[in-house]
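Visitor: Below: one structure in structure tokens.
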Amino acid sequence: MKTNPLLLALSPLALLLPSCGSSSVAQNAPEAASVPLRIEDKATFKEPWAMAFLPDGSALITEKAGALKWWREGGAVQAVGGMPKVDYGGQGGLGDVKPAPDFATSSTIYLTWVEAGPNDTRGAVLGKGKLVLTEAPRIEGLAVIWRQVPKVTGRGHFSHRIAFSPDGKYLFLSSGERQKFTPAQDLTVNLGKVLRLTPDGEAAAGNPFFGKGGVSDEVWSYGHRNLLGLQFDASGRLWDLEHGPAGGDELNLVEPGKNYGWPLVSDGDHYDGTPISRHATRPDLAAPAISWNPVIAPGDFIFYSGDRFPAWKGQALIAGMGSMGLVRVAIEGQKAREVERIALDQRIREIRQGPDGAIWVLEDGETGRLRKITPR
């Protein structure tokens, strides 16, 4: 184990960036003094994307090119066999990993990845299999149980994040609009949506558009762009974190049947400078709890619930790629407010809370470090 002696005695006033742009962008206001941090480097991975802790404290980590790694404290990192062929490139490749709610007895895990289609098309898929942890760890019986429809050209905005409902009965899945804009408003496709599925990947009865037929049955909410975070808070409410265009990254409280506006509205504009109507112009569409302009380019996020950082309980901790660290956000009813930014000087792709309440992050890129963060 290598310990980084870096002490982050952060000044909230120095780290908080001023808001600009739309009036829906929450104003930054420090809530409490930052906590000096101890950071330990645990391992290095090639383009890590997602991480999931297992009940024994070990963890599974996906690498975008297609490898799944099994990490254990003090042990060698091992590759997991039985992996699918992934279509790797751009934003695409191996994505999320989640143990089933009953993993302790079933050993079932879920993976998302990008699958090639005909004529240079591709789309995200969700697979389910049994994790066998032996001297040669592997996944047995991995089978695709859901697909993005339709497969389209390009290599962006797959999203494919997984979240289980607190009761373990439903699997929620984010499906990006694949940089095609209009599919987010089209209920005949499952692009640009949050979906509610059964653990077997079927549309869940009781969904807002159940009975319309086809993939509409899967849809929980729509009008989304590129959702890289999907989490339930302690009250059982679902939230998503998504990338805006040039400005307008969003944290949304996700409610059934609601339209979140993309590409009709945004708190950012198109990359070529073409303006997009702001959320305030369409009160009939769901507005974000908070948006960022300039962007933070978020990765994943968590709602912190541990005892290591008691002042942070119930708050969202966001992995920032553009902001090069963590963004701490207080939840205030259906809205949110940025509290502080914690500089880590690297693009942060993934964040997880460990079994002991420590915060774990994965850096983005070819030599992304797995880092454990605790109070000093």
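Naming works like this for the structure tokens: A, B, ... for the chains as they're shown, residue 1 at the start of each chain, ligands 1 onward in shown order.
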Do you know which residues are at most 8 Å from A:Tyr304 counting only C-alpha atoms, after dropping those on the same chain fewer than 4 positions away, and could you put them as a PDB file with N, CA and C atoms, in the first residue's frame?
Guide:
```pdb
ATOM      1  N   TRP A 312     -21.261  15.539   6.025  1.00  0.00           N
ATOM      2  CA  TRP A 312     -21.612  15.331   4.620  1.00  0.00           C
ATOM      3  C   TRP A 312     -22.785  14.364   4.446  1.00  0.00           C
ATOM      4  N   LYS A 313     -23.309  13.827   5.535  1.00  0.00           N
ATOM      5  CA  LYS A 313     -24.384  12.836   5.424  1.00  0.00           C
ATOM      6  C   LYS A 313     -25.576  13.402   4.658  1.00  0.00           C
ATOM      7  N   GLY A 314     -26.090  12.597   3.740  1.00  0.00           N
ATOM      8  CA  GLY A 314     -27.250  12.983   2.954  1.00  0.00           C
ATOM      9  C   GLY A 314     -26.935  13.865   1.768  1.00  0.00           C
ATOM     10  N   GLN A 315     -25.682  14.284   1.638  1.00  0.00           N
ATOM     11  CA  GLN A 315     -25.308  15.141   0.520  1.00  0.00           C
ATOM     12  C   GLN A 315     -24.818  14.319  -0.665  1.00  0.00           C
ATOM     13  N   ALA A 316     -24.908  14.919  -1.844  1.00  0.00           N
ATOM     14  CA  ALA A 316     -24.395  14.291  -3.049  1.00  0.00           C
ATOM     15  C   ALA A 316     -22.923  14.643  -3.199  1.00  0.00           C
ATOM     16  N   LEU A 317     -22.098  13.631  -3.461  1.00  0.00           N
ATOM     17  CA  LEU A 317     -20.689  13.822  -3.785  1.00  0.00           C
ATOM     18  C   LEU A 317     -20.509  13.401  -5.233  1.00  0.00           C
ATOM     19  N   GLN A 353     -18.815   4.810  -2.003  1.00  0.00           N
ATOM     20  CA  GLN A 353     -18.635   4.780  -0.555  1.00  0.00           C
ATOM     21  C   GLN A 353     -18.275   3.377  -0.148  1.00  0.00           C
TER      22      GLN A 353
END
```
Visitor: I'd like the neighbourhood of A:Gly141 as a list in words, where a residue qualifies if any of its atoms comes within 12 Å (using only C-alpha atoms), though same-chain residues fewer than 4 positions away should be ignored.
Guide: Gly81, Gly82, Met83, Pro84, Ser107, Thr108, Ile109, Tyr110, Gly127, Lys128, Gly129, Lys130, Leu131, Val132 and Ile145 of chain A
Visitor: Could you dump the residues just selected with all heavy atoms as a compact mmCIF listing (two decimals), in the first residue's frame?
Guide:
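Output (result-v4.txt):
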```
# COMPACT_ATOMS: atom_id res chain seq x y z
N GLY A 81 -12.72 -13.79 -15.91
CA GLY A 81 -12.98 -14.43 -17.19
C GLY A 81 -14.46 -14.44 -17.54
O GLY A 81 -15.31 -14.05 -16.75
N GLY A 82 -14.76 -14.91 -18.75
CA GLY A 82 -16.14 -15.03 -19.20
C GLY A 82 -16.76 -13.73 -19.66
O GLY A 82 -17.99 -13.60 -19.70
N MET A 83 -15.92 -12.76 -20.02
CA MET A 83 -16.43 -11.45 -20.40
C MET A 83 -16.89 -11.43 -21.86
O MET A 83 -16.38 -12.17 -22.69
CB MET A 83 -15.34 -10.39 -20.17
CG MET A 83 -14.99 -10.19 -18.71
SD MET A 83 -16.40 -9.56 -17.78
CE MET A 83 -16.54 -7.93 -18.50
N PRO A 84 -17.83 -10.54 -22.18
CA PRO A 84 -18.32 -10.46 -23.56
C PRO A 84 -17.37 -9.66 -24.44
O PRO A 84 -16.49 -8.94 -23.95
CB PRO A 84 -19.64 -9.71 -23.40
CG PRO A 84 -19.38 -8.78 -22.24
CD PRO A 84 -18.52 -9.58 -21.30
N SER A 107 -25.01 -14.79 -6.06
CA SER A 107 -23.77 -14.47 -6.80
C SER A 107 -24.06 -13.81 -8.16
O SER A 107 -23.18 -13.78 -9.04
CB SER A 107 -22.91 -15.72 -7.01
OG SER A 107 -22.51 -16.26 -5.77
N THR A 108 -25.24 -13.28 -8.33
CA THR A 108 -25.61 -12.66 -9.60
C THR A 108 -25.04 -11.25 -9.71
O THR A 108 -25.11 -10.47 -8.76
CB THR A 108 -27.14 -12.60 -9.74
OG1 THR A 108 -27.66 -13.93 -9.74
CG2 THR A 108 -27.56 -11.90 -11.05
N ILE A 109 -24.47 -10.95 -10.87
CA ILE A 109 -24.02 -9.58 -11.14
C ILE A 109 -24.59 -9.13 -12.48
O ILE A 109 -24.97 -9.94 -13.33
CB ILE A 109 -22.49 -9.43 -11.13
CG1 ILE A 109 -21.85 -10.18 -12.29
CG2 ILE A 109 -21.90 -9.83 -9.80
CD1 ILE A 109 -20.43 -9.72 -12.56
N TYR A 110 -24.63 -7.81 -12.63
CA TYR A 110 -25.12 -7.17 -13.86
C TYR A 110 -24.00 -6.32 -14.44
O TYR A 110 -23.24 -5.67 -13.70
CB TYR A 110 -26.32 -6.29 -13.56
CG TYR A 110 -27.56 -7.06 -13.15
CD1 TYR A 110 -27.71 -7.51 -11.84
CD2 TYR A 110 -28.57 -7.33 -14.06
CE1 TYR A 110 -28.84 -8.21 -11.45
CE2 TYR A 110 -29.71 -8.03 -13.69
CZ TYR A 110 -29.83 -8.47 -12.38
OH TYR A 110 -30.96 -9.16 -12.00
N GLY A 127 -26.39 -7.04 -19.34
CA GLY A 127 -26.23 -8.48 -19.20
C GLY A 127 -26.27 -8.91 -17.75
O GLY A 127 -26.01 -8.13 -16.83
N LYS A 128 -26.57 -10.19 -17.57
CA LYS A 128 -26.73 -10.77 -16.23
C LYS A 128 -26.04 -12.13 -16.21
O LYS A 128 -26.16 -12.91 -17.15
CB LYS A 128 -28.22 -10.92 -15.94
CG LYS A 128 -28.59 -11.60 -14.64
CD LYS A 128 -30.11 -11.73 -14.55
CE LYS A 128 -30.56 -12.44 -13.29
NZ LYS A 128 -32.04 -12.58 -13.24
N GLY A 129 -25.26 -12.40 -15.15
CA GLY A 129 -24.58 -13.68 -15.03
C GLY A 129 -24.24 -13.98 -13.58
O GLY A 129 -24.56 -13.21 -12.67
N LYS A 130 -23.54 -15.09 -13.38
CA LYS A 130 -23.14 -15.53 -12.04
C LYS A 130 -21.64 -15.33 -11.88
O LYS A 130 -20.84 -15.82 -12.69
CB LYS A 130 -23.51 -16.99 -11.81
CG LYS A 130 -23.16 -17.50 -10.41
CD LYS A 130 -23.59 -18.94 -10.23
CE LYS A 130 -23.24 -19.45 -8.82
NZ LYS A 130 -23.67 -20.86 -8.61
N LEU A 131 -21.24 -14.63 -10.82
CA LEU A 131 -19.83 -14.39 -10.54
C LEU A 131 -19.29 -15.53 -9.68
O LEU A 131 -19.81 -15.80 -8.60
CB LEU A 131 -19.66 -13.06 -9.82
CG LEU A 131 -18.23 -12.66 -9.48
CD1 LEU A 131 -17.41 -12.42 -10.73
CD2 LEU A 131 -18.21 -11.42 -8.58
N VAL A 132 -18.25 -16.17 -10.18
CA VAL A 132 -17.60 -17.26 -9.46
C VAL A 132 -16.22 -16.78 -9.04
O VAL A 132 -15.35 -16.53 -9.89
CB VAL A 132 -17.50 -18.52 -10.33
CG1 VAL A 132 -16.80 -19.65 -9.57
CG2 VAL A 132 -18.88 -18.97 -10.79
N ILE A 145 -29.91 -9.20 -21.45
CA ILE A 145 -31.32 -9.19 -21.08
C ILE A 145 -32.03 -7.90 -21.50
O ILE A 145 -33.24 -7.77 -21.33
CB ILE A 145 -31.52 -9.42 -19.57
CG1 ILE A 145 -30.82 -8.32 -18.74
CG2 ILE A 145 -31.01 -10.81 -19.17
CD1 ILE A 145 -31.12 -8.40 -17.25
```
Visitor: Would you mind telling me which residue in A:Arg308, A:Arg352, A:Arg138, A:Lys180 lies nearest to A:Gly229 when using only C-alpha atoms?
Guide: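 Closest to A:Gly229 of all the choices is A:Arg352.
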Visitor: Apply DSSP to the structure's backbone, then extract all residues of stretch 89-330 of chain A labelled helix (DSSP H, G or I) and return them as a PyMOL selection string.
Guide: chain A and resi 103-106+182-185+214-218+279-281+310-312
Visitor: Save the residues we just selected, N, CA and C atoms, as a PDB file, in the first residue's frame?
Guide:
```pdb
ATOM      1  N   PHE A 103     -27.037 -10.696  -3.967  1.00  0.00           N
ATOM      2  CA  PHE A 103     -25.755 -11.261  -4.398  1.00  0.00           C
ATOM      3  C   PHE A 103     -25.181 -12.238  -3.378  1.00  0.00           C
ATOM      4  N   ALA A 104     -25.349 -11.951  -2.096  1.00  0.00           N
ATOM      5  CA  ALA A 104     -24.755 -12.804  -1.056  1.00  0.00           C
ATOM      6  C   ALA A 104     -25.205 -14.251  -1.178  1.00  0.00           C
ATOM      7  N   THR A 105     -26.393 -14.473  -1.717  1.00  0.00           N
ATOM      8  CA  THR A 105     -26.892 -15.848  -1.878  1.00  0.00           C
ATOM      9  C   THR A 105     -26.923 -16.306  -3.328  1.00  0.00           C
ATOM     10  N   SER A 106     -27.076 -15.353  -4.275  1.00  0.00           N
ATOM     11  CA  SER A 106     -27.228 -15.746  -5.681  1.00  0.00           C
ATOM     12  C   SER A 106     -25.950 -15.617  -6.496  1.00  0.00           C
ATOM     13  N   THR A 182     -33.203  14.141 -31.012  1.00  0.00           N
ATOM     14  CA  THR A 182     -34.656  13.926 -31.014  1.00  0.00           C
ATOM     15  C   THR A 182     -35.125  12.603 -30.412  1.00  0.00           C
ATOM     16  N   PRO A 183     -34.323  11.526 -30.420  1.00  0.00           N
ATOM     17  CA  PRO A 183     -34.833  10.308 -29.779  1.00  0.00           C
ATOM     18  C   PRO A 183     -35.216  10.481 -28.311  1.00  0.00           C
ATOM     19  N   ALA A 184     -34.642  11.492 -27.643  1.00  0.00           N
ATOM     20  CA  ALA A 184     -34.964  11.710 -26.235  1.00  0.00           C
ATOM     21  C   ALA A 184     -36.440  12.032 -26.031  1.00  0.00           C
ATOM     22  N   GLN A 185     -37.108  12.580 -27.066  1.00  0.00           N
ATOM     23  CA  GLN A 185     -38.525  12.929 -26.977  1.00  0.00           C
ATOM     24  C   GLN A 185     -39.436  11.880 -27.606  1.00  0.00           C
ATOM     25  N   GLY A 214     -44.239  -2.150 -27.124  1.00  0.00           N
ATOM     26  CA  GLY A 214     -42.843  -1.940 -27.467  1.00  0.00           C
ATOM     27  C   GLY A 214     -42.031  -1.434 -26.297  1.00  0.00           C
ATOM     28  N   VAL A 215     -40.968  -0.676 -26.610  1.00  0.00           N
ATOM     29  CA  VAL A 215     -40.075  -0.209 -25.561  1.00  0.00           C
ATOM     30  C   VAL A 215     -40.694   0.906 -24.727  1.00  0.00           C
ATOM     31  N   SER A 216     -41.811   1.478 -25.173  1.00  0.00           N
ATOM     32  CA  SER A 216     -42.489   2.481 -24.341  1.00  0.00           C
ATOM     33  C   SER A 216     -42.820   1.928 -22.964  1.00  0.00           C
ATOM     34  N   ASP A 217     -43.090   0.619 -22.907  1.00  0.00           N
ATOM     35  CA  ASP A 217     -43.414  -0.013 -21.633  1.00  0.00           C
ATOM     36  C   ASP A 217     -42.286   0.114 -20.614  1.00  0.00           C
ATOM     37  N   GLU A 218     -41.032   0.266 -21.096  1.00  0.00           N
ATOM     38  CA  GLU A 218     -39.872   0.331 -20.210  1.00  0.00           C
ATOM     39  C   GLU A 218     -39.678   1.709 -19.569  1.00  0.00           C
ATOM     40  N   HIS A 279     -34.593  26.284 -19.489  1.00  0.00           N
ATOM     41  CA  HIS A 279     -35.653  25.572 -18.770  1.00  0.00           C
ATOM     42  C   HIS A 279     -36.764  26.524 -18.328  1.00  0.00           C
ATOM     43  N   ALA A 280     -36.391  27.736 -17.957  1.00  0.00           N
ATOM     44  CA  ALA A 280     -37.377  28.694 -17.446  1.00  0.00           C
ATOM     45  C   ALA A 280     -38.446  29.048 -18.477  1.00  0.00           C
ATOM     46  N   THR A 281     -38.156  28.825 -19.753  1.00  0.00           N
ATOM     47  CA  THR A 281     -39.131  29.159 -20.797  1.00  0.00           C
ATOM     48  C   THR A 281     -40.196  28.085 -20.960  1.00  0.00           C
ATOM     49  N   PRO A 310     -19.260  13.066   8.965  1.00  0.00           N
ATOM     50  CA  PRO A 310     -20.626  13.244   9.459  1.00  0.00           C
ATOM     51  C   PRO A 310     -21.331  14.488   8.914  1.00  0.00           C
ATOM     52  N   ALA A 311     -20.587  15.551   8.639  1.00  0.00           N
ATOM     53  CA  ALA A 311     -21.220  16.771   8.118  1.00  0.00           C
ATOM     54  C   ALA A 311     -21.699  16.608   6.688  1.00  0.00           C
ATOM     55  N   TRP A 312     -21.261  15.539   6.025  1.00  0.00           N
ATOM     56  CA  TRP A 312     -21.612  15.331   4.620  1.00  0.00           C
ATOM     57  C   TRP A 312     -22.785  14.364   4.446  1.00  0.00           C
TER      58      TRP A 312
END
```
Visitor: Would you mind telling me which residue in A:Gly325, A:Ala67, A:Trp220, A:Gly168 lies nearest to A:Ala204 when using only C-alpha atoms?
Guide: A:Trp220
Visitor: Applying 8 Å and only C-alpha atoms, which residues near A:Asp300 remain after dropping the ones on its own chain fewer than 4 positions away? List them as a PyMOL selection string.
Guide: chain A and resi 228-230+241+318-319+349-351
Visitor: With distances taken over only C-alpha atoms, which residue among A:Ala234, A:Ala116, A:Ala205, A:Ala50 lies nearest A:Gly299?
Guide: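 Using only C-alpha atoms, A:Gly299 sits closest to A:Ala50.
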